[in-house]
Structure formats: structure tokens, C-alpha cells
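Novice: What follows is target_6.cif; its format and atoms are mmCIF, C-alpha atoms.
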data_work
#
loop_
_atom_site.label_atom_id
_atom_site.label_comp_id
_atom_site.auth_asym_id
_atom_site.auth_seq_id
_atom_site.Cartn_x
_atom_site.Cartn_y
_atom_site.Cartn_z
CA MET D 1 -4.55 -12.95 1.99
CA SER D 2 -8.10 -13.89 1.03
CA ILE D 3 -8.33 -16.31 3.99
CA HIS D 4 -7.17 -13.49 6.23
CA ARG D 5 -9.77 -11.05 4.88
CA ARG D 6 -12.59 -13.61 5.14
CA ILE D 7 -11.83 -14.33 8.78
CA GLN D 8 -11.71 -10.65 9.60
CA ARG D 9 -15.03 -9.96 7.85
CA ALA D 10 -16.77 -12.97 9.36
CA ARG D 11 -15.64 -12.32 12.93
CA GLY D 12 -15.29 -8.55 12.87
CA ILE D 13 -11.85 -8.74 14.48
CA ASP D 14 -8.25 -8.68 13.41
CA ALA D 15 -6.81 -12.14 12.96
CA ASP D 16 -3.34 -13.51 12.30
CA VAL D 17 -3.16 -16.23 9.65
CA THR D 18 -0.06 -18.28 8.86
CA VAL D 19 -0.11 -21.02 6.25
CA LEU D 20 2.70 -23.54 5.99
CA LEU D 21 2.95 -25.51 2.78
CA VAL D 22 4.44 -28.88 3.71
CA ASP D 23 5.16 -32.09 1.90
CA ARG D 24 5.84 -35.67 2.97
CA ASP D 25 9.55 -34.98 3.37
CA THR D 26 8.99 -32.33 6.04
CA TYR D 27 10.14 -33.26 9.52
CA PRO D 28 7.25 -33.03 12.01
CA ASP D 29 9.65 -31.77 14.68
CA LEU D 30 10.57 -28.81 12.48
CA ILE D 31 6.90 -27.91 11.97
CA LEU D 32 6.30 -28.10 15.71
CA GLU D 33 9.35 -25.96 16.45
CA ARG D 34 8.28 -23.26 13.98
CA ILE D 35 4.69 -23.18 15.26
CA GLU D 36 5.90 -22.92 18.85
CA GLU D 37 8.16 -20.00 17.87
CA LEU D 38 5.23 -18.27 16.23
CA ALA D 39 2.94 -18.86 19.22
CA GLN D 40 5.39 -16.93 21.43
CA ARG D 41 5.10 -13.77 19.32
CA PRO D 42 2.55 -11.08 20.12
CA PRO D 43 -0.60 -10.87 17.94
CA GLY D 44 -0.36 -8.61 14.92
CA VAL D 45 3.34 -9.08 14.25
CA ASN D 46 2.77 -11.37 11.26
CA PRO D 47 -0.88 -10.78 10.31
CA ALA D 48 -0.81 -12.88 7.13
CA ALA D 49 1.97 -15.13 5.89
CA VAL D 50 2.33 -18.09 3.55
CA HIS D 51 5.59 -20.02 3.49
CA THR D 52 6.97 -23.22 2.13
CA MET D 53 9.00 -25.44 4.41
CA ARG D 54 12.05 -24.64 2.28
CA GLU D 55 11.68 -20.98 3.32
CA ILE D 56 11.54 -21.75 7.03
CA ARG D 57 13.90 -24.71 7.20
CA SER D 58 16.80 -22.55 8.38
CA CYS D 59 14.99 -19.59 9.96
CA SER D 60 11.88 -18.78 11.96
CA ILE D 61 8.51 -17.92 10.41
CA ALA D 62 8.96 -14.35 11.64
CA GLN D 63 12.32 -14.04 9.90
CA ALA D 64 10.97 -15.59 6.69
CA SER D 65 8.07 -13.11 6.79
CA THR D 66 10.50 -10.24 7.22
CA ASN D 67 12.64 -11.52 4.35
CA ASP D 68 9.53 -11.81 2.17
CA PHE D 69 8.43 -8.27 3.09
CA ILE D 70 11.81 -6.73 2.32
#
Would you kindly transcribe this structure into C-alpha cells?
Specialist:
Amino acid sequence: MSIHRRIQRARGIDADVTVLLVDRDTYPDLILERIEELAQRPPGVNPAAVHTMREIRSCSIAQASTNDFI
């Protein structure tokens, strides 16, 4: 959240920030797939999210964000 706030203050605009915490065992294809899914969503849907690869291994970033919110 602090990264998100800093970007907004520095640029004076709303910004979406998603952080993926990955390790060496993470499949690069999975990261690419999840980032491509996120890029297709309209701005503002997931304004700030931090997920581990375990959280998004079986669902999209958007779904993991929704699960985290609920």
C-alpha cells in the first residue's frame, strides 16, 4: 500500500500496483499468464494488491484479490 500511495503522490494520478512475490520454483509461464490476465482488466479494478505465487497458482490475480478482500 505504501508503494501505491507514493506513486499517487509523486505523479498526482491514480495508479494500479500489483506485486507478485515469487521464488525460484515459480514457473515463468505462470507468471506471464497471470500478468497477461491482469493487463486485460480495466484500470482501477485492483488498485493495490500483493500476492504470493501460492495464492495465484490456481486462480487469477483478480480472483485472489477478491478472495483477499472478502
Novice: What is the distance between CA of Ile35 in chain D and CA of Val50 in chain D, in Å to one decimal?
Specialist: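 Result for CA of Ile35 in chain D versus CA of Val50 in chain D: 13.0 Å, one decimal.
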Novice: Take the PyMOL selection byres ((chain D and resi 37) around 12), run it mentally on this structure, and tell me the resulting residues as number ranges by chain.
Specialist: D: 30-36, 38-42, 56, 59-63
Novice: Measuring between only C-alpha atoms, which one of D:Thr26, D:Ser2, D:Thr18, D:Thr66 shows the shortest distance to Ala49 in chain D?
Specialist: D:Thr18
Novice: Would you work out the distance separating CA of Ala64 in chain D from CA of Pro43 in chain D, expressed in Å to one decimal?
Specialist: 16.8 Å
Novice: Expanded to explicit residues, what is the PyMOL selection byres ((chain D and resi 22) around 10) for this file, as a list in words?
Specialist: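 Written out, the selection comes to Val19, Leu20, Leu21, Asp23, Arg24, Asp25, Thr26, Tyr27, Pro28, Ile31, His51, Thr52, Met53 and Arg54 of chain D.
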Novice: Given 6 Å on each side, where is the centre and what are the edge lengths in Å to one decimal of the axis-aligned box enclosing the listed atoms of range 29-44 of chain D, as JSON?
Specialist:
{"center_x": 5.0, "center_y": -20.2, "center_z": 16.7, "size_x": 23.2, "size_y": 35.2, "size_z": 21.5}
Novice: Rebuild range 19-30 of chain D so that it carries all heavy atoms, then output the result as a PDB file, in the coordinates of the input.
Specialist:
ATOM      1  N   VAL D  19       0.079 -19.773   6.986  1.00  0.00           N
ATOM      2  CA  VAL D  19      -0.110 -21.020   6.250  1.00  0.00           C
ATOM      3  C   VAL D  19       1.267 -21.597   5.953  1.00  0.00           C
ATOM      4  O   VAL D  19       2.138 -20.904   5.433  1.00  0.00           O
ATOM      5  CB  VAL D  19      -0.874 -20.773   4.929  1.00  0.00           C
ATOM      6  CG1 VAL D  19      -1.001 -22.065   4.139  1.00  0.00           C
ATOM      7  CG2 VAL D  19      -2.238 -20.155   5.207  1.00  0.00           C
ATOM      8  N   LEU D  20       1.465 -22.854   6.305  1.00  0.00           N
ATOM      9  CA  LEU D  20       2.700 -23.540   5.990  1.00  0.00           C
ATOM     10  C   LEU D  20       2.404 -24.598   4.935  1.00  0.00           C
ATOM     11  O   LEU D  20       1.544 -25.453   5.142  1.00  0.00           O
ATOM     12  CB  LEU D  20       3.286 -24.226   7.227  1.00  0.00           C
ATOM     13  CG  LEU D  20       3.654 -23.317   8.394  1.00  0.00           C
ATOM     14  CD1 LEU D  20       4.140 -24.161   9.564  1.00  0.00           C
ATOM     15  CD2 LEU D  20       4.700 -22.318   7.976  1.00  0.00           C
ATOM     16  N   LEU D  21       3.104 -24.529   3.838  1.00  0.00           N
ATOM     17  CA  LEU D  21       2.950 -25.510   2.780  1.00  0.00           C
ATOM     18  C   LEU D  21       3.984 -26.602   2.998  1.00  0.00           C
ATOM     19  O   LEU D  21       5.175 -26.366   2.869  1.00  0.00           O
ATOM     20  CB  LEU D  21       3.128 -24.845   1.411  1.00  0.00           C
ATOM     21  CG  LEU D  21       2.215 -23.641   1.163  1.00  0.00           C
ATOM     22  CD1 LEU D  21       2.569 -22.969  -0.151  1.00  0.00           C
ATOM     23  CD2 LEU D  21       0.759 -24.053   1.189  1.00  0.00           C
ATOM     24  N   VAL D  22       3.527 -27.785   3.371  1.00  0.00           N
ATOM     25  CA  VAL D  22       4.440 -28.880   3.710  1.00  0.00           C
ATOM     26  C   VAL D  22       4.243 -30.045   2.746  1.00  0.00           C
ATOM     27  O   VAL D  22       3.222 -30.161   2.086  1.00  0.00           O
ATOM     28  CB  VAL D  22       4.237 -29.354   5.164  1.00  0.00           C
ATOM     29  CG1 VAL D  22       4.497 -28.229   6.129  1.00  0.00           C
ATOM     30  CG2 VAL D  22       2.851 -29.910   5.379  1.00  0.00           C
ATOM     31  N   ASP D  23       5.252 -30.879   2.699  1.00  0.00           N
ATOM     32  CA  ASP D  23       5.160 -32.090   1.900  1.00  0.00           C
ATOM     33  C   ASP D  23       5.546 -33.284   2.776  1.00  0.00           C
ATOM     34  O   ASP D  23       5.843 -33.132   3.953  1.00  0.00           O
ATOM     35  CB  ASP D  23       6.033 -32.002   0.643  1.00  0.00           C
ATOM     36  CG  ASP D  23       7.485 -31.721   0.961  1.00  0.00           C
ATOM     37  OD1 ASP D  23       7.960 -32.114   2.051  1.00  0.00           O
ATOM     38  OD2 ASP D  23       8.167 -31.118   0.127  1.00  0.00           O
ATOM     39  N   ARG D  24       5.560 -34.452   2.198  1.00  0.00           N
ATOM     40  CA  ARG D  24       5.840 -35.670   2.970  1.00  0.00           C
ATOM     41  C   ARG D  24       7.254 -35.714   3.516  1.00  0.00           C
ATOM     42  O   ARG D  24       7.533 -36.441   4.467  1.00  0.00           O
ATOM     43  CB  ARG D  24       5.593 -36.891   2.104  1.00  0.00           C
ATOM     44  CG  ARG D  24       4.159 -37.070   1.780  1.00  0.00           C
ATOM     45  CD  ARG D  24       3.934 -38.322   0.971  1.00  0.00           C
ATOM     46  NE  ARG D  24       2.549 -38.343   0.541  1.00  0.00           N
ATOM     47  CZ  ARG D  24       2.119 -38.901  -0.554  1.00  0.00           C
ATOM     48  NH1 ARG D  24       2.954 -39.523  -1.349  1.00  0.00           N
ATOM     49  NH2 ARG D  24       0.854 -38.859  -0.871  1.00  0.00           N
ATOM     50  N   ASP D  25       8.162 -34.961   2.926  1.00  0.00           N
ATOM     51  CA  ASP D  25       9.550 -34.980   3.370  1.00  0.00           C
ATOM     52  C   ASP D  25       9.825 -34.025   4.532  1.00  0.00           C
ATOM     53  O   ASP D  25      10.937 -33.957   5.023  1.00  0.00           O
ATOM     54  CB  ASP D  25      10.474 -34.614   2.200  1.00  0.00           C
ATOM     55  CG  ASP D  25      10.389 -35.641   1.077  1.00  0.00           C
ATOM     56  OD1 ASP D  25      10.126 -36.825   1.380  1.00  0.00           O
ATOM     57  OD2 ASP D  25      10.574 -35.261  -0.088  1.00  0.00           O
ATOM     58  N   THR D  26       8.827 -33.298   4.954  1.00  0.00           N
ATOM     59  CA  THR D  26       8.990 -32.330   6.040  1.00  0.00           C
ATOM     60  C   THR D  26       9.046 -33.048   7.377  1.00  0.00           C
ATOM     61  O   THR D  26       8.230 -33.915   7.659  1.00  0.00           O
ATOM     62  CB  THR D  26       7.820 -31.327   6.040  1.00  0.00           C
ATOM     63  OG1 THR D  26       7.773 -30.693   4.768  1.00  0.00           O
ATOM     64  CG2 THR D  26       8.015 -30.278   7.112  1.00  0.00           C
ATOM     65  N   TYR D  27      10.001 -32.666   8.198  1.00  0.00           N
ATOM     66  CA  TYR D  27      10.140 -33.260   9.520  1.00  0.00           C
ATOM     67  C   TYR D  27       9.089 -32.684  10.459  1.00  0.00           C
ATOM     68  O   TYR D  27       9.012 -31.477  10.635  1.00  0.00           O
ATOM     69  CB  TYR D  27      11.532 -32.988  10.095  1.00  0.00           C
ATOM     70  CG  TYR D  27      12.637 -33.620   9.300  1.00  0.00           C
ATOM     71  CD1 TYR D  27      13.516 -32.841   8.555  1.00  0.00           C
ATOM     72  CD2 TYR D  27      12.808 -34.996   9.294  1.00  0.00           C
ATOM     73  CE1 TYR D  27      14.531 -33.423   7.812  1.00  0.00           C
ATOM     74  CE2 TYR D  27      13.832 -35.584   8.554  1.00  0.00           C
ATOM     75  CZ  TYR D  27      14.680 -34.789   7.819  1.00  0.00           C
ATOM     76  OH  TYR D  27      15.680 -35.374   7.092  1.00  0.00           O
ATOM     77  N   PRO D  28       8.273 -33.527  11.080  1.00  0.00           N
ATOM     78  CA  PRO D  28       7.250 -33.030  12.010  1.00  0.00           C
ATOM     79  C   PRO D  28       7.824 -32.196  13.139  1.00  0.00           C
ATOM     80  O   PRO D  28       7.204 -31.230  13.578  1.00  0.00           O
ATOM     81  CB  PRO D  28       6.600 -34.320  12.546  1.00  0.00           C
ATOM     82  CG  PRO D  28       6.882 -35.350  11.510  1.00  0.00           C
ATOM     83  CD  PRO D  28       8.208 -34.971  10.909  1.00  0.00           C
ATOM     84  N   ASP D  29       9.020 -32.551  13.599  1.00  0.00           N
ATOM     85  CA  ASP D  29       9.650 -31.770  14.680  1.00  0.00           C
ATOM     86  C   ASP D  29       9.937 -30.342  14.242  1.00  0.00           C
ATOM     87  O   ASP D  29       9.836 -29.417  15.051  1.00  0.00           O
ATOM     88  CB  ASP D  29      10.929 -32.435  15.157  1.00  0.00           C
ATOM     89  CG  ASP D  29      10.677 -33.749  15.886  1.00  0.00           C
ATOM     90  OD1 ASP D  29       9.525 -33.973  16.328  1.00  0.00           O
ATOM     91  OD2 ASP D  29      11.620 -34.549  16.015  1.00  0.00           O
ATOM     92  N   LEU D  30      10.306 -30.156  12.989  1.00  0.00           N
ATOM     93  CA  LEU D  30      10.570 -28.810  12.480  1.00  0.00           C
ATOM     94  C   LEU D  30       9.277 -27.993  12.442  1.00  0.00           C
ATOM     95  O   LEU D  30       9.262 -26.826  12.843  1.00  0.00           O
ATOM     96  CB  LEU D  30      11.201 -28.859  11.091  1.00  0.00           C
ATOM     97  CG  LEU D  30      11.447 -27.492  10.435  1.00  0.00           C
ATOM     98  CD1 LEU D  30      12.390 -26.641  11.266  1.00  0.00           C
ATOM     99  CD2 LEU D  30      11.977 -27.680   9.028  1.00  0.00           C
TER     100      LEU D  30
END
